[in-house]
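Novice: After the structure tokens below, expect a handful of questions from me.
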Amino acid sequence: MNSKNKTIIAIIVVIAILGIIGTYITYYAPSSGGTKQLTDMVGRNVTVPTQINTVVATSPPTTNMIYILAPDKLAGWNFKPTGQYMDPKYKNLTEVGGWFGKQTGNYETFISIKPDIVLEGSSPLANANDTVNERQTKFGAIPVVAVLDVSNVTKFTPSIKFMGQVLGVEDRADKLNSFYEKVYNKVNSTASQIPDNQKKKVYYAEGPEGLQTDPSGSQHSQLIELAGGINIADVPLKQGMGMSDVSMEQVLKWNPDVILVGDPSFYKKVYIDTKWQNVKAVKEKQVFLIPQDPFNWFDRPPGVNIILGIPWTAKTLYPDKFQDLDMNSLTKEFYSEFYHYQLTDEELNNLLNPQP
């Protein structure tokens, strides 16, 4: 190879390297004010901007926590909220996708948002370190911060506190933890005293026909046991998205006292569908649509958005045992403080008393 060709190749290599560097400079420019070190919830030391202004998360439970604690720092949704009870400036944020359920995210889409950090929510039961290290490799210079227990209703306190510290909103995190611990402790202390022979048998109806569900032990149905109910779905636990298929014959055999409904289209027809007429909960008008605007109170995602579902589920199952839970007051407080939305009385009634 002559010297001229070597020179040309060297120039091409230099241009390629500069291009890669330029990509990172374009994609990741930390907010002004320098950097700081933090230890994330899997023990990694991460260098992040001192001032964090834009954040995205890889899955909905963590994204919803960002919205609740620091909505103006949220740069994108994993999927667009469809409800009405949200300020359009938040609802209309871009959709970035993510890694959840059956979804596989696109790293380039996240990088194009130019976030200061990416938050990766994990369960301690999962191989969190491997996942977050893979994310960090793919995201390059953008810091990835791991958060644990974002989907375990019994362990929200540490993750809320940690997120408050990361996002610089400790006071808001303290308020959310105060609300969470108040309703959790109230419900848990009362529900734990209910004798087994007095517990309601509950079926969680999912899907447009009500013939999908999640059994005991699933993160998607955890509020049933917390509120003192018995999840009567005798089906194998399905990992990931859950939603095990069941038959009408199985539901008739289980004969639940209460049905909690996740799909509004099923709720609209359950009382007139002849297949369901012999189910105890239907005969006794004990079928309830789970509130889900702007986020589901019970599940999907099973993140901090289900905090308000703790008292709702308890009072739905046992109105006599939880007479002192004022759902009107709790709902207005939660929406005002954490969903950044002032409910009207009509909107409140639509949430708590939906019509089939």
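By convention here, the chains of the structure tokens are called A, B, ... in the order presented, each chain's residues are numbered starting at 1, and ligands are numbered starting at 1 in the order presented.
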I'd like the neighbourhood of A:Glu284 as a list in words, where a residue qualifies if any of its atoms comes within 9 Å (using only C-alpha atoms), though same-chain residues fewer than 3 positions away should be ignored.

Specialist: Asp257, Val258, Val279, Lys280, Ala281 and Val287 of chain A

Novice: Considering only C-alpha atoms, tabulate each residue of stretch 268-343 of chain A that lies at most 12 Å from stretch 186-210 of chain A along with its nearest interatomic pair and the corresponding distance in Å to one decimal; arrange the rows by chain and ascending residue number and present them as CSV.

Specialist:
```
residue,atom,partner,partner_atom,distance
A:Lys268,CA,A:Pro208,CA,9.8
A:Lys269,CA,A:Glu209,CA,9.0
A:Val270,CA,A:Gly210,CA,8.4
A:Asp273,CA,A:Glu209,CA,9.9
A:Lys275,CA,A:Glu209,CA,10.4
A:Trp276,CA,A:Gly210,CA,9.8
A:Val279,CA,A:Tyr203,CA,10.8
A:Lys280,CA,A:Lys201,CA,10.3
A:Ala281,CA,A:Val202,CA,8.9
A:Val282,CA,A:Tyr203,CA,11.4
A:Gln286,CA,A:Val202,CA,10.0
A:Val287,CA,A:Tyr203,CA,9.5
A:Phe288,CA,A:Tyr204,CA,9.9
A:Leu289,CA,A:Ala205,CA,9.6
A:Ile290,CA,A:Tyr204,CA,9.9
A:Phe298,CA,A:Tyr204,CA,10.0
A:Asp299,CA,A:Tyr204,CA,10.4
A:Arg300,CA,A:Glu206,CA,10.8
A:Ile307,CA,A:Val187,CA,11.4
A:Leu308,CA,A:Val187,CA,11.5
A:Gly309,CA,A:Val187,CA,10.8
A:Ile310,CA,A:Val187,CA,7.2
A:Pro311,CA,A:Val187,CA,6.6
A:Trp312,CA,A:Val187,CA,9.9
A:Thr313,CA,A:Val187,CA,9.4
A:Ala314,CA,A:Val187,CA,6.6
A:Lys315,CA,A:Val187,CA,9.0
A:Thr316,CA,A:Lys200,CA,10.6
A:Leu317,CA,A:Lys200,CA,6.9
A:Tyr318,CA,A:Lys200,CA,8.3
A:Pro319,CA,A:Lys200,CA,11.8
A:Asp320,CA,A:Thr190,CA,11.4
A:Lys321,CA,A:Thr190,CA,7.6
A:Phe322,CA,A:Val187,CA,8.1
A:Gln323,CA,A:Thr190,CA,11.5
A:Asp324,CA,A:Lys186,CA,9.9
A:Leu325,CA,A:Lys186,CA,8.9
```

Novice: Once you count only C-alpha atoms, what closest atom pair and distance in Å to one decimal does each residue of stretch 142-182 of chain A within 10 Å of stretch 220-243 of chain A have, with rows by chain and rising residue number, as a Markdown table?

Specialist:
```
| residue | atom | partner | partner_atom | distance |
| --- | --- | --- | --- | --- |
| A:Ser151 | CA | A:His220 | CA | 9.0 |
| A:Asn152 | CA | A:Gln222 | CA | 8.3 |
| A:Val153 | CA | A:Gln222 | CA | 7.4 |
| A:Thr154 | CA | A:Leu226 | CA | 8.7 |
```

Novice: For A:Asn78, which residue out of A:Ser59, A:Asn64, A:Asn353, A:Gln250 is the nearest one, using only C-alpha atoms?

Specialist: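 Comparing A:Ser59, A:Asn64, A:Asn353, A:Gln250 against A:Asn78, the winner is A:Ser59.
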
Novice: Within 10 Å of stretch 326-332 of chain A, counting only C-alpha atoms, which residues show up once you throw out same-chain ones fewer than 6 positions away? Write them as a PyMOL selection string, please.

Specialist: chain A and resi 179+183+308-309+311-312+315+338-339+341-345+348-349+351-352

Novice: Using only C-alpha atoms, which of A:Pro49, A:Pro61, A:Pro294, A:Gly262 sits nearest A:Tyr90?

Specialist: A:Pro294

Novice: Could you give me the residues within stretch 77-257 of chain A that DSSP places in alpha helix (DSSP H), as a VMD selection string?

Specialist: chain A and resid 88 to 91 107 to 112 128 to 139 156 to 167 170 to 191 222 to 226 248 to 254

Novice: Could you name the residues that touch stretch 33-45 of chain A at 7 Å or less, counting only C-alpha atoms, but leaving out those on the same chain fewer than 6 positions away, as a ChimeraX atom specification?

Specialist: /A:51,129,145-148

Novice: Among stretch 143-214 of chain A, which residues does DSSP mark as strand (DSSP E) when it is run on the backbone? Keep the chain and numbering as in the structure and answer as a list in words.

Specialist: Val144, Val145, Ala146, Val147, Leu148, Lys201, Val202, Tyr203, Tyr204, Ala205, Gln212 and Thr213 of chain A

Novice: Can I get the selection written as an mmCIF file, in the first residue's frame, with N, CA, C and O atoms?

Specialist:
```
data_model
loop_
_atom_site.group_PDB
_atom_site.id
_atom_site.type_symbol
_atom_site.label_atom_id
_atom_site.label_comp_id
_atom_site.auth_asym_id
_atom_site.auth_seq_id
_atom_site.Cartn_x
_atom_site.Cartn_y
_atom_site.Cartn_z
ATOM 1 N N VAL A 144 -27.550 5.796 33.313
ATOM 2 C CA VAL A 144 -28.698 4.945 33.610
ATOM 3 C C VAL A 144 -28.721 4.697 35.109
ATOM 4 O O VAL A 144 -27.723 4.243 35.688
ATOM 5 N N VAL A 145 -29.843 5.005 35.736
ATOM 6 C CA VAL A 145 -29.985 4.897 37.189
ATOM 7 C C VAL A 145 -31.045 3.842 37.498
ATOM 8 O O VAL A 145 -32.176 3.928 37.010
ATOM 9 N N ALA A 146 -30.681 2.845 38.308
ATOM 10 C CA ALA A 146 -31.594 1.743 38.623
ATOM 11 C C ALA A 146 -32.436 2.072 39.852
ATOM 12 O O ALA A 146 -31.938 2.592 40.850
ATOM 13 N N VAL A 147 -33.727 1.742 39.751
ATOM 14 C CA VAL A 147 -34.677 1.909 40.851
ATOM 15 C C VAL A 147 -35.321 0.555 41.106
ATOM 16 O O VAL A 147 -35.755 -0.120 40.167
ATOM 17 N N LEU A 148 -35.403 0.140 42.373
ATOM 18 C CA LEU A 148 -35.985 -1.161 42.702
ATOM 19 C C LEU A 148 -37.375 -1.023 43.317
ATOM 20 O O LEU A 148 -37.754 0.025 43.840
ATOM 21 N N LYS A 201 -64.565 -13.674 48.332
ATOM 22 C CA LYS A 201 -63.912 -14.334 47.187
ATOM 23 C C LYS A 201 -63.989 -13.381 45.996
ATOM 24 O O LYS A 201 -65.075 -12.954 45.599
ATOM 25 N N VAL A 202 -62.827 -13.074 45.447
ATOM 26 C CA VAL A 202 -62.741 -12.010 44.439
ATOM 27 C C VAL A 202 -62.194 -12.572 43.127
ATOM 28 O O VAL A 202 -61.208 -13.330 43.128
ATOM 29 N N TYR A 203 -62.824 -12.160 42.039
ATOM 30 C CA TYR A 203 -62.322 -12.494 40.706
ATOM 31 C C TYR A 203 -61.953 -11.200 39.998
ATOM 32 O O TYR A 203 -62.751 -10.264 39.916
ATOM 33 N N TYR A 204 -60.727 -11.142 39.484
ATOM 34 C CA TYR A 204 -60.244 -9.987 38.726
ATOM 35 C C TYR A 204 -60.477 -10.285 37.255
ATOM 36 O O TYR A 204 -59.772 -11.111 36.661
ATOM 37 N N ALA A 205 -61.470 -9.639 36.651
ATOM 38 C CA ALA A 205 -61.854 -9.905 35.266
ATOM 39 C C ALA A 205 -61.099 -8.972 34.332
ATOM 40 O O ALA A 205 -61.247 -7.749 34.405
ATOM 41 N N GLN A 212 -59.985 -13.371 31.223
ATOM 42 C CA GLN A 212 -58.561 -13.408 31.519
ATOM 43 C C GLN A 212 -58.390 -12.880 32.936
ATOM 44 O O GLN A 212 -59.190 -12.054 33.405
ATOM 45 N N THR A 213 -57.362 -13.360 33.636
ATOM 46 C CA THR A 213 -57.192 -12.958 35.027
ATOM 47 C C THR A 213 -55.764 -13.195 35.480
ATOM 48 O O THR A 213 -54.925 -13.708 34.725
#
```

Novice: Name the closest residue to A:Met65 among the candidates A:Lys80, A:Lys114, A:Lys161, A:Lys89; distances are taken between atoms, counting only C-alpha atoms.

Specialist: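 The shortest atom-to-atom distance to A:Met65 comes from A:Lys161.
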
Novice: Which residue out of A:Asn278, A:Thr131, A:Asn53, A:Gln292 has the minimum interatomic distance to A:Val261 when only C-alpha atoms are used?

Specialist: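 Closest to A:Val261, using only C-alpha atoms: A:Gln292.
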